[in-house]
$ cat my_file.cif   # mmCIF, C-alpha atoms
data_coords
#
loop_
_atom_site.label_atom_id
_atom_site.label_comp_id
_atom_site.auth_asym_id
_atom_site.auth_seq_id
_atom_site.Cartn_x
_atom_site.Cartn_y
_atom_site.Cartn_z
CA CYS A 28 -13.60 -21.36 33.15
CA ILE A 29 -11.86 -19.22 35.71
CA THR A 30 -13.54 -17.60 38.72
CA CYS A 31 -13.75 -13.85 38.18
CA ASN A 32 -15.45 -11.24 40.35
CA GLU A 33 -14.56 -8.39 38.00
CA ASN A 34 -14.81 -8.45 34.18
CA LEU A 35 -14.41 -11.87 32.57
CA VAL A 36 -13.00 -11.57 29.05
CA ALA A 37 -12.99 -14.68 26.86
CA VAL A 38 -10.52 -14.44 23.98
CA HIS A 39 -10.92 -16.70 20.94
CA MET A 40 -7.96 -16.70 18.54
CA THR A 41 -7.97 -18.22 15.05
CA ASP A 42 -5.37 -18.81 12.35
CA ALA A 43 -6.78 -19.23 8.85
CA TYR A 44 -3.92 -21.41 7.61
CA GLY A 45 -3.67 -23.60 10.68
CA ASP A 46 0.03 -23.19 11.42
CA GLY A 47 -0.09 -20.80 14.36
CA TRP A 48 0.32 -17.06 14.35
CA ASN A 49 3.89 -17.03 13.00
CA GLY A 50 5.15 -14.65 15.68
CA ASN A 51 2.10 -12.38 15.89
CA VAL A 52 1.04 -11.59 19.45
CA LEU A 53 -2.23 -10.20 20.83
CA THR A 54 -1.40 -7.93 23.78
CA ILE A 55 -4.09 -6.73 26.17
CA TYR A 56 -2.36 -4.27 28.50
CA THR A 57 0.24 -6.60 30.07
CA ASP A 58 -1.21 -9.93 28.94
CA SER A 59 0.29 -11.45 25.78
CA LEU A 60 -1.56 -14.16 23.86
CA THR A 61 -0.77 -16.10 20.69
CA ILE A 62 -1.31 -19.38 18.84
CA GLU A 63 1.92 -21.35 18.96
CA SER A 64 0.66 -23.95 16.49
CA GLY A 65 -2.60 -25.08 14.95
CA SER A 66 -5.63 -23.04 14.00
CA TYR A 67 -7.23 -22.11 17.35
CA ALA A 68 -6.45 -21.02 20.89
CA PHE A 69 -8.56 -19.80 23.80
CA ALA A 70 -7.79 -17.71 26.86
CA GLU A 71 -9.72 -16.11 29.71
CA LEU A 72 -8.75 -12.91 31.50
CA CYS A 73 -10.15 -11.30 34.64
CA LEU A 74 -9.81 -7.53 34.32
CA ASN A 75 -10.78 -4.66 36.60
CA ASP A 76 -12.90 -1.77 35.36
CA GLY A 77 -10.89 0.60 33.19
CA SER A 78 -9.36 1.14 29.76
CA TYR A 79 -6.82 -1.29 28.34
CA THR A 80 -4.54 -0.91 25.34
CA VAL A 81 -4.93 -3.68 22.77
CA SER A 82 -2.46 -4.44 19.99
CA CYS A 83 -1.83 -7.35 17.66
CA GLY A 84 1.11 -7.87 15.32
CA GLY A 85 4.83 -8.43 15.28
CA GLY A 86 4.97 -11.51 13.08
CA SER A 87 4.50 -12.67 9.50
CA TRP A 88 1.41 -13.81 7.58
CA ALA A 89 -0.70 -11.24 9.45
CA SER A 90 -3.62 -11.73 7.05
CA GLU A 91 -4.22 -15.19 8.60
CA VAL A 92 -4.75 -13.76 12.09
CA SER A 93 -8.15 -13.08 13.65
CA TRP A 94 -9.48 -12.84 17.19
CA VAL A 95 -12.63 -11.89 19.10
CA MET A 96 -13.28 -11.03 22.77
CA TYR A 97 -16.55 -11.79 24.58
CA ASP A 98 -17.82 -10.77 28.01
CA ALA A 99 -19.44 -13.17 30.49
CA ALA A 100 -22.84 -12.72 28.80
CA GLY A 101 -21.43 -13.72 25.42
CA ASP A 102 -21.58 -10.21 23.95
CA THR A 103 -18.74 -9.13 21.67
CA LEU A 104 -16.39 -6.65 23.30
CA LEU A 105 -13.80 -6.30 20.55
CA ALA A 106 -12.69 -8.11 17.40
CA GLY A 107 -9.87 -7.70 14.93
CA GLY A 108 -6.84 -9.14 13.23
CA ALA A 109 -3.27 -8.06 12.63
CA PRO A 110 -1.98 -5.45 12.62
CA TYR A 111 -4.25 -3.84 15.20
CA GLU A 112 -4.04 -0.93 17.66
CA GLY A 113 -6.95 0.05 19.89
CA PHE A 114 -8.54 0.10 23.32
CA LEU A 115 -10.83 -2.10 25.39
CA GLN A 116 -13.01 -0.26 27.89
CA LEU A 117 -14.63 -2.24 30.70
CA GLY A 118 -17.12 -1.47 33.47
CA GLU A 119 -17.28 1.83 35.31
CA THR A 120 -14.45 4.19 34.43
CA ASN A 121 -13.77 7.91 34.26
CA ASP A 122 -11.58 7.47 31.19
CA VAL A 123 -12.70 9.39 28.11
CA LEU A 124 -11.37 7.88 24.90
CA GLY A 125 -10.48 10.20 22.05
CA CYS A 126 -7.72 12.07 20.26
CA THR A 127 -5.36 13.83 22.67
CA ASP A 128 -2.96 15.29 20.06
CA ALA A 129 -3.57 19.05 19.90
CA ASP A 130 -2.15 19.16 16.35
CA ALA A 131 -4.77 16.72 15.03
CA LEU A 132 -7.87 17.91 13.21
CA ASN A 133 -10.10 15.89 15.54
CA TYR A 134 -8.41 16.87 18.82
CA ASP A 135 -10.73 16.27 21.78
CA GLU A 136 -9.89 18.45 24.76
CA ASN A 137 -12.07 16.27 26.98
CA ALA A 138 -10.27 13.03 26.13
CA THR A 139 -8.11 11.54 28.87
CA VAL A 140 -6.90 8.45 26.96
CA ASP A 141 -5.67 8.58 23.37
CA ASP A 142 -7.49 5.88 21.41
CA GLY A 143 -5.45 6.20 18.22
CA SER A 144 -8.22 7.96 16.32
CA CYS A 145 -6.26 11.14 15.56
CA TYR A 146 -6.08 12.25 11.94
CA PHE A 147 -4.16 15.10 10.35
CA ALA A 148 -4.25 17.34 7.31
CA GLY A 149 -3.24 15.30 4.28
CA ASP A 150 -4.36 11.94 5.67
CA SER A 151 -7.21 11.65 3.16
CA CYS A 152 -8.43 13.29 -0.03
CA ASN A 153 -11.12 15.41 1.63
CA ILE A 154 -8.60 16.98 4.03
CA ALA A 155 -5.78 17.46 1.53
CA ILE A 156 -3.05 20.02 2.24
CA GLN A 157 -3.11 23.17 0.10
CA ALA A 158 -0.01 23.08 -2.12
CA VAL A 159 1.58 26.16 -3.70
CA ALA A 160 3.43 26.90 -6.92
CA GLY A 161 7.12 26.37 -6.23
CA THR A 162 8.48 24.16 -3.46
CA ASN A 163 6.37 22.11 -1.05
CA ASP A 164 7.33 19.63 1.66
CA ALA A 165 6.07 16.04 1.85
CA SER A 166 6.33 14.03 5.05
CA GLY A 167 7.25 10.73 3.39
CA GLU A 168 4.01 9.11 4.60
CA ASN A 169 0.93 8.63 2.42
CA GLN A 170 -0.12 12.25 1.98
CA PHE A 171 -2.70 14.17 -0.09
CA PHE A 172 -2.23 17.69 -1.46
CA THR A 173 -4.53 19.88 -3.54
CA TYR A 174 -3.62 22.51 -6.12
CA THR A 175 -5.68 24.78 -8.40
CA THR A 176 -4.11 25.95 -11.65
CA THR A 177 -3.98 29.64 -12.62
CA MET A 178 -3.35 29.41 -16.38
CA ASP A 179 -3.69 27.24 -19.46
CA GLY A 180 -0.60 25.24 -20.39
CA ILE A 181 1.46 22.42 -18.90
CA LEU A 182 1.51 21.52 -15.20
CA THR A 183 4.68 19.82 -13.94
CA ILE A 184 4.81 18.14 -10.53
CA SER A 185 8.13 16.60 -9.52
CA SER A 186 10.13 15.32 -6.55
CA GLN A 187 13.38 15.52 -8.55
CA ASN A 188 15.90 18.09 -7.34
CA GLU A 189 17.70 20.79 -9.33
CA THR A 190 20.81 18.66 -9.85
CA GLY A 191 18.84 15.67 -11.11
CA ASP A 192 20.14 13.20 -8.52
CA ALA A 193 17.51 13.09 -5.76
CA LEU A 194 17.88 9.98 -3.59
CA TRP A 195 14.32 9.70 -2.26
CA ASP A 196 12.27 6.98 -3.94
CA THR A 197 8.71 8.22 -4.45
CA PHE A 198 5.43 7.43 -6.20
CA LEU A 199 3.00 10.14 -7.33
CA ALA A 200 -0.65 9.82 -8.38
CA VAL A 201 -2.68 12.79 -9.67
CA TYR A 202 -6.48 13.02 -9.61
CA THR A 203 -9.36 15.41 -10.25
CA ASP A 204 -13.01 15.36 -9.12
CA ASP A 205 -12.09 14.92 -5.44
CA CYS A 206 -9.92 11.89 -6.27
CA GLY A 207 -12.68 10.37 -8.39
CA THR A 208 -10.80 10.61 -11.71
CA ASP A 209 -7.29 9.24 -12.21
CA VAL A 210 -5.29 11.71 -14.34
CA ALA A 211 -1.70 10.46 -14.24
CA ASN A 212 0.87 8.64 -12.11
CA ASN A 213 4.61 8.11 -12.08
CA ASP A 214 7.04 5.97 -10.13
CA ASP A 215 10.61 6.59 -11.34
CA CYS A 216 10.94 9.57 -13.64
CA CYS A 217 14.57 9.74 -14.40
CA GLY A 218 16.20 6.43 -15.29
CA TYR A 219 16.80 5.11 -11.77
CA PHE A 220 14.85 4.10 -8.65
CA GLY A 221 14.12 7.55 -7.28
CA PRO A 222 11.93 10.62 -7.74
CA SER A 223 8.69 11.00 -9.67
CA THR A 224 7.57 13.55 -12.28
CA VAL A 225 4.21 14.12 -13.96
CA GLU A 226 3.50 16.57 -16.79
CA ILE A 227 -0.13 17.13 -17.76
CA PRO A 228 -2.02 19.69 -19.86
CA MET A 229 -3.87 22.13 -17.64
CA VAL A 230 -6.77 24.53 -17.92
CA ALA A 231 -6.92 27.54 -15.62
CA GLY A 232 -9.08 26.96 -12.56
CA THR A 233 -8.76 23.16 -12.54
CA THR A 234 -8.23 21.64 -9.09
CA TYR A 235 -5.95 18.61 -8.87
CA GLN A 236 -5.44 16.22 -5.97
CA LEU A 237 -1.91 14.88 -5.53
CA LEU A 238 -1.20 11.68 -3.61
CA TRP A 239 2.38 10.92 -2.63
CA LEU A 240 2.55 7.25 -1.63
CA ASP A 241 4.86 5.76 0.99
CA TRP A 242 5.72 2.66 -1.05
CA TYR A 243 9.49 2.77 -0.64
CA ASN A 244 9.99 4.56 2.72
CA PRO A 245 11.39 7.76 1.18
CA GLY A 246 11.45 9.86 4.35
CA PRO A 247 10.66 13.60 4.17
CA TYR A 248 11.38 15.24 0.80
CA PRO A 249 10.51 18.41 -1.17
CA PHE A 250 8.50 18.52 -4.37
CA THR A 251 7.82 21.31 -6.84
CA ILE A 252 4.79 22.49 -8.78
CA VAL A 253 5.46 24.51 -11.93
CA GLU A 254 2.95 26.03 -14.34
CA GLY A 255 4.19 26.77 -17.84
CA PRO A 256 2.87 27.56 -21.30
CA ALA A 257 2.32 24.73 -23.75
CA PRO A 258 5.18 24.43 -26.28
CA THR A 259 4.58 26.04 -29.66
CA ASN A 260 7.81 24.96 -31.36
CA PRO A 261 9.67 21.64 -31.71
CA GLU A 262 11.90 20.83 -28.73
CA ASN A 263 14.99 18.75 -27.87
CA LEU A 264 16.60 19.09 -31.30
CA THR A 265 19.72 16.95 -31.76
CA ALA A 266 22.00 16.73 -34.80
CA GLU A 267 24.34 13.86 -35.66
CA ALA A 268 26.89 14.23 -38.44
CA GLY A 269 26.93 11.65 -41.21
CA LEU A 270 28.70 11.24 -44.54
CA GLU A 271 27.75 14.39 -46.43
CA SER A 272 24.61 14.51 -44.31
CA VAL A 273 23.21 15.46 -40.93
CA PHE A 274 20.70 13.35 -38.98
CA LEU A 275 18.18 15.45 -37.07
CA GLU A 276 15.88 14.33 -34.27
CA TRP A 277 13.38 16.38 -32.29
CA ASP A 278 10.15 16.27 -30.31
CA GLY A 279 7.32 17.66 -32.37
CA VAL A 280 4.57 19.89 -31.05
CA ILE A 281 1.28 18.15 -30.32
CA PRO A 282 -1.60 20.28 -31.65
CA ALA A 283 -3.72 21.70 -28.85
CA SER A 284 -6.76 19.75 -30.04
CA ASN A 285 -4.84 16.45 -29.74
CA ARG A 286 -2.64 17.21 -26.75
CA SER A 287 -4.99 15.96 -24.05
CA ALA A 288 -5.77 12.71 -25.88
CA ALA A 289 -2.09 12.00 -26.51
CA ILE A 290 -1.15 12.42 -22.87
CA VAL A 291 -4.13 10.37 -21.67
CA GLN A 292 -3.06 7.49 -23.92
CA GLU A 293 0.43 7.61 -22.43
CA ARG A 294 -1.06 7.60 -18.94
CA ARG A 295 -3.22 4.56 -19.66
CA LEU A 296 -0.22 2.57 -20.78
CA THR A 297 1.55 3.55 -17.59
CA ILE A 298 -1.33 2.37 -15.43
CA GLU A 299 -1.53 -0.98 -17.23
CA ASP A 300 2.19 -1.54 -16.68
CA THR A 301 2.29 -0.33 -13.07
CA ASN A 302 1.96 -3.72 -11.35
CA GLU A 303 4.57 -5.37 -13.55
CA ARG A 304 7.04 -2.51 -13.10
CA ASN A 305 6.53 -2.37 -9.34
CA LEU A 306 7.03 -6.13 -9.02
CA ALA A 307 10.31 -5.95 -10.94
CA LYS A 308 11.41 -3.01 -8.84
CA MET A 309 10.54 -4.60 -5.52
CA ARG A 310 12.57 -7.67 -6.43
CA GLU A 311 15.62 -5.42 -6.35
CA VAL A 312 14.84 -3.16 -3.41
CA LYS A 313 12.84 -5.20 -0.86
CA GLY A 314 14.32 -7.35 1.88
CA ASP A 315 14.05 -11.08 2.37
CA GLU A 316 10.56 -12.54 2.30
CA PRO A 317 9.34 -14.82 5.12
CA THR A 318 11.03 -18.22 4.94
CA GLU A 319 7.72 -20.06 5.36
CA VAL A 320 5.96 -20.25 1.99
CA HIS A 321 2.26 -21.12 2.00
CA ILE A 322 2.05 -22.68 -1.46
CA PHE A 323 0.79 -26.14 -2.32
CA GLY A 324 0.08 -28.21 -5.40
CA VAL A 325 -3.38 -29.54 -6.23
CA VAL A 326 -3.94 -32.66 -8.33
CA HIS A 327 -7.00 -32.53 -10.56
CA PRO A 328 -9.53 -35.12 -9.26
CA ASP A 329 -9.86 -36.75 -12.69
CA TYR A 330 -6.16 -37.55 -12.56
CA ALA A 331 -5.87 -38.55 -8.94
CA SER A 332 -3.17 -40.85 -7.57
CA SER A 333 -3.16 -44.40 -9.03
CA SER A 334 -5.43 -43.41 -11.95
CA ARG A 335 -2.52 -43.85 -14.36
CA SER A 336 0.07 -46.60 -14.65
CA THR A 337 3.04 -44.23 -14.28
CA ASP A 338 3.77 -42.06 -11.24
CA VAL A 339 5.57 -38.76 -11.83
CA ILE A 340 7.31 -36.72 -9.13
CA ILE A 341 6.96 -32.96 -9.66
CA GLU A 342 9.33 -30.61 -7.86
CA CYS A 343 9.58 -26.80 -8.07
CA ASP A 344 12.25 -25.29 -5.84
CA GLY A 345 15.74 -23.87 -5.67
CA GLY A 346 15.30 -20.10 -6.04
CA ASP A 347 14.24 -16.95 -4.22
CA TRP A 348 10.84 -15.20 -3.94
CA GLN A 349 9.03 -18.51 -4.19
CA SER A 350 5.68 -16.95 -3.25
CA GLU A 351 5.67 -15.31 -6.70
CA VAL A 352 5.87 -18.66 -8.52
CA SER A 353 2.89 -20.50 -10.00
CA TRP A 354 2.48 -23.15 -12.70
CA ASP A 355 -0.12 -25.35 -14.42
CA ILE A 356 0.22 -28.63 -16.34
CA LEU A 357 -2.42 -29.23 -19.01
CA ASN A 358 -3.41 -32.37 -20.90
CA GLU A 359 -3.86 -32.54 -24.67
CA ALA A 360 -7.41 -31.22 -24.32
CA GLY A 361 -6.14 -28.10 -22.58
CA GLU A 362 -7.48 -29.14 -19.19
CA ILE A 363 -5.49 -28.43 -16.04
CA ILE A 364 -4.36 -31.67 -14.42
CA VAL A 365 -1.85 -30.29 -11.88
CA SER A 366 -1.18 -26.80 -10.54
CA GLY A 367 1.06 -25.46 -7.84
CA GLY A 368 3.81 -23.07 -6.84
CA ALA A 369 7.14 -23.24 -5.05
CA PRO A 370 8.35 -25.14 -3.20
#
$ encode --input "my_file.cif" --output "structure tokens"
Amino acid sequence: CITCNENLVAVHMTDAYGDGWNGNVLTIYTDSLTIESGSYAFAELCLNDGSYTVSCGGGSWASEVSWVMYDAAGDTLLAGGAPYEGFLQLGETNDVLGCTDADALNYDENATVDDGSCYFAGDSCNIAIQAVAGTNDASGENQFFTYTTTMDGILTISSQNETGDALWDTFLAVYTDDCGTDVANNDDCCGYFGPSTVEIPMVAGTTYQLLWLDWYNPGPYPFTIVEGPAPTNPENLTAEAGLESVFLEWDGVIPASNRSAAIVQERRLTIEDTNERNLAKMREVKGDEPTEVHIFGVVHPDYASSSRSTDVIIECDGGDWQSEVSWDILNEAGEIIVSGGAP
């Protein structure tokens, strides 16, 4: 223990996997702490009264990181993981923590130190931004909007532009009941990794919540809301000439009594396929994964080493995105004898 006449802060750092913090750093004002290797590290700081910024992050495998700070009496001062942004306040101080951004909904005019607690319109469902028919602007961050329909018919919400070649890559989810009921969602509407479009039957006076998700870093972009009547005639008629014949194809009109059920069924299929589609998409658009892969094979105890007369070497390696790989080997009874991943 160090000798400290001010505020003694004991910092206990833990790594769940036991291989260090993989580049993550806990910073308390100007002091930087980490676990270079292993599962645990300890540090003591002597800090004057005041408010200190605290952050943790900057590396990979952040989910393995945890830490806790205690005072000299053993009481918890602060605890967290990675990523983390916050403040540590010690002893007697005139600092008042709060939101100092005048544009925030929770702006505190008495606050002298911004504690990162500011929130803004659109940050959550209950403070959604009021959208309008026509063009609206999205920030590119996770952002909620709300819209109330004025007629019966079809509601179309889209981030596609007029020329059909928008470059921003978006994801849209639509809800009702204050985000309690999932109505529809769409990732890529138009045959390429890009904008999103949802068409749903609407009843006048229904309030929808729209959530634009920052899954692919789209940056700011516009989106449109259009109300229109439900179709009463077949649409998208095409004709292809044949030998003394013509082949016709069109989209039929869904009867009003069946329209809602038909669109709900389509939405359910989309939700069930969302994870698989997003995984395939991210394989093409995301950057390199961390080179350290935390995957290991486990031998079933009933088939432990030396329990058979023949040893077999199992190797799984040689490709990319190894954290996505898993496998099982079963015996003739269907029991798992070995499982693992890559490498």
$ closest_atom_pairs --input "my_file.cif" --of "segment 124-242 of chain A" --to "segment 250-255 of chain A" --cutoff "7 Å" --atoms "all atoms listed in the file" --output "CSV"
residue,atom,partner,partner_atom,distance
A:Ala160,CA,A:Ile252,CA,5.0
A:Gly161,CA,A:Thr251,CA,5.1
A:Thr162,CA,A:Thr251,CA,4.5
A:Asn163,CA,A:Phe250,CA,5.3
A:Asp164,CA,A:Phe250,CA,6.2
A:Gly180,CA,A:Gly255,CA,5.6
A:Ile181,CA,A:Gly255,CA,5.2
A:Leu182,CA,A:Glu254,CA,4.8
A:Thr183,CA,A:Val253,CA,5.2
A:Ile184,CA,A:Ile252,CA,4.7
A:Ser185,CA,A:Thr251,CA,5.4
A:Ser186,CA,A:Phe250,CA,4.2
$ atom_distance --input "my_file.cif" --atom1 "atom CA of Val52 of chain A" --atom2 "atom CA of Val92 of chain A"
9.6 Å
$ closest_residue --input "my_file.cif" --among "A:Phe69, A:Phe220, A:Tyr44, A:Phe198" --to "Trp94 of chain A" --atoms "only C-alpha atoms"
A:Phe69
$ closest_residue --input "my_file.cif" --among "A:Leu35, A:Ile29, A:Leu237, A:Leu194" --to "Gly101 of chain A" --atoms "only C-alpha atoms"
A:Leu35
$ atom_distance --input "my_file.cif" --atom1 "atom CA of Gly85 of chain A" --atom2 "atom CA of Gly50 of chain A"
6.2 Å
$ resolve_selection --input "my_file.cif" --expression "the PyMOL selection byres ((chain A and resi 187) around 10)" --output "number ranges by chain"
A: 184-186, 188-197, 215-217, 221-224, 248-251
$ residues_near_point --input "my_file.cif" --point "(-13.7, -15.5, 34.5)" --cutoff "7 Å" --atoms "only C-alpha atoms" --output "list in words"
Cys28, Ile29, Thr30, Cys31, Leu35, Val36, Glu71, Leu72 and Cys73 of chain A
$ atom_distance --input "my_file.cif" --atom1 "atom CA of Met229 of chain A" --atom2 "atom CA of Thr175 of chain A"
9.8 Å
$ closest_residue --input "my_file.cif" --among "A:Ala43, A:Ala257, A:Ala211, A:Leu199" --to "Val230 of chain A" --atoms "all atoms listed in the file"
A:Ala257
$ residues_around --input "my_file.cif" --residues "Gly125 of chain A" --least-positions-apart "2" --cutoff "9 Å" --atoms "all atoms listed in the file" --output "list in words"
Val123, Thr127, Asn133, Tyr134, Asp135, Glu136, Asn137, Ala138, Thr139, Val140, Asp141, Asp142, Gly143, Ser144 and Cys145 of chain A
$ closest_residue --input "my_file.cif" --among "A:Tyr174, A:Thr208, A:Gly108, A:Thr234" --to "Met96 of chain A" --atoms "all atoms listed in the file"
A:Gly108
$ axis_aligned_box --input "my_file.cif" --around "segment 209-212 of chain A" --padding-each-side "6 Å" --output "JSON"
{"center_x": -3.2, "center_y": 10.2, "center_z": -13.2, "size_x": 20.2, "size_y": 15.1, "size_z": 14.2}
$ residues_around --input "my_file.cif" --residues "Ala89 of chain A" --least-positions-apart "2" --cutoff "9 Å" --atoms "all atoms listed in the file" --output "number ranges by chain"
A: 48-49, 51, 84-87, 91-93, 108-110
$ residues_near_point --input "my_file.cif" --point "(-5.3, -23.8, 13.2)" --cutoff "6 Å" --atoms "only C-alpha atoms" --output "number ranges by chain"
A: 42, 45-46, 65-67
$ write_last_selection --input "my_file.cif" --atoms "C-alpha atoms" --output "PDB file, in the frame of the given file"
ATOM      1  CA  ASP A  42      -5.370 -18.810  12.350  1.00  0.00           C
ATOM      2  CA  GLY A  45      -3.670 -23.600  10.680  1.00  0.00           C
ATOM      3  CA  ASP A  46       0.030 -23.190  11.420  1.00  0.00           C
ATOM      4  CA  GLY A  65      -2.600 -25.080  14.950  1.00  0.00           C
ATOM      5  CA  SER A  66      -5.630 -23.040  14.000  1.00  0.00           C
ATOM      6  CA  TYR A  67      -7.230 -22.110  17.350  1.00  0.00           C
TER       7      TYR A  67
END
$ resolve_selection --input "my_file.cif" --expression "the PyMOL selection byres ((chain A and resi 151) around 12)" --output "list of chain:residue names"
A:Leu132, A:Tyr146, A:Phe147, A:Ala148, A:Gly149, A:Asp150, A:Cys152, A:Asn153, A:Ile154, A:Ala155, A:Ile156, A:Glu168, A:Asn169, A:Gln170, A:Phe171, A:Phe172, A:Thr173, A:Asp205, A:Cys206, A:Gln236, A:Leu237, A:Leu238, A:Trp239, A:Leu240
$ write_last_selection --input "my_file.cif" --atoms "C-alpha atoms" --output "PDB file, in the frame of the given file"
ATOM      1  CA  LEU A 132      -7.870  17.910  13.210  1.00  0.00           C
ATOM      2  CA  TYR A 146      -6.080  12.250  11.940  1.00  0.00           C
ATOM      3  CA  PHE A 147      -4.160  15.100  10.350  1.00  0.00           C
ATOM      4  CA  ALA A 148      -4.250  17.340   7.310  1.00  0.00           C
ATOM      5  CA  GLY A 149      -3.240  15.300   4.280  1.00  0.00           C
ATOM      6  CA  ASP A 150      -4.360  11.940   5.670  1.00  0.00           C
ATOM      7  CA  CYS A 152      -8.430  13.290  -0.030  1.00  0.00           C
ATOM      8  CA  ASN A 153     -11.120  15.410   1.630  1.00  0.00           C
ATOM      9  CA  ILE A 154      -8.600  16.980   4.030  1.00  0.00           C
ATOM     10  CA  ALA A 155      -5.780  17.460   1.530  1.00  0.00           C
ATOM     11  CA  ILE A 156      -3.050  20.020   2.240  1.00  0.00           C
ATOM     12  CA  GLU A 168       4.010   9.110   4.600  1.00  0.00           C
ATOM     13  CA  ASN A 169       0.930   8.630   2.420  1.00  0.00           C
ATOM     14  CA  GLN A 170      -0.120  12.250   1.980  1.00  0.00           C
ATOM     15  CA  PHE A 171      -2.700  14.170  -0.090  1.00  0.00           C
ATOM     16  CA  PHE A 172      -2.230  17.690  -1.460  1.00  0.00           C
ATOM     17  CA  THR A 173      -4.530  19.880  -3.540  1.00  0.00           C
ATOM     18  CA  ASP A 205     -12.090  14.920  -5.440  1.00  0.00           C
ATOM     19  CA  CYS A 206      -9.920  11.890  -6.270  1.00  0.00           C
ATOM     20  CA  GLN A 236      -5.440  16.220  -5.970  1.00  0.00           C
ATOM     21  CA  LEU A 237      -1.910  14.880  -5.530  1.00  0.00           C
ATOM     22  CA  LEU A 238      -1.200  11.680  -3.610  1.00  0.00           C
ATOM     23  CA  TRP A 239       2.380  10.920  -2.630  1.00  0.00           C
ATOM     24  CA  LEU A 240       2.550   7.250  -1.630  1.00  0.00           C
TER      25      LEU A 240
END
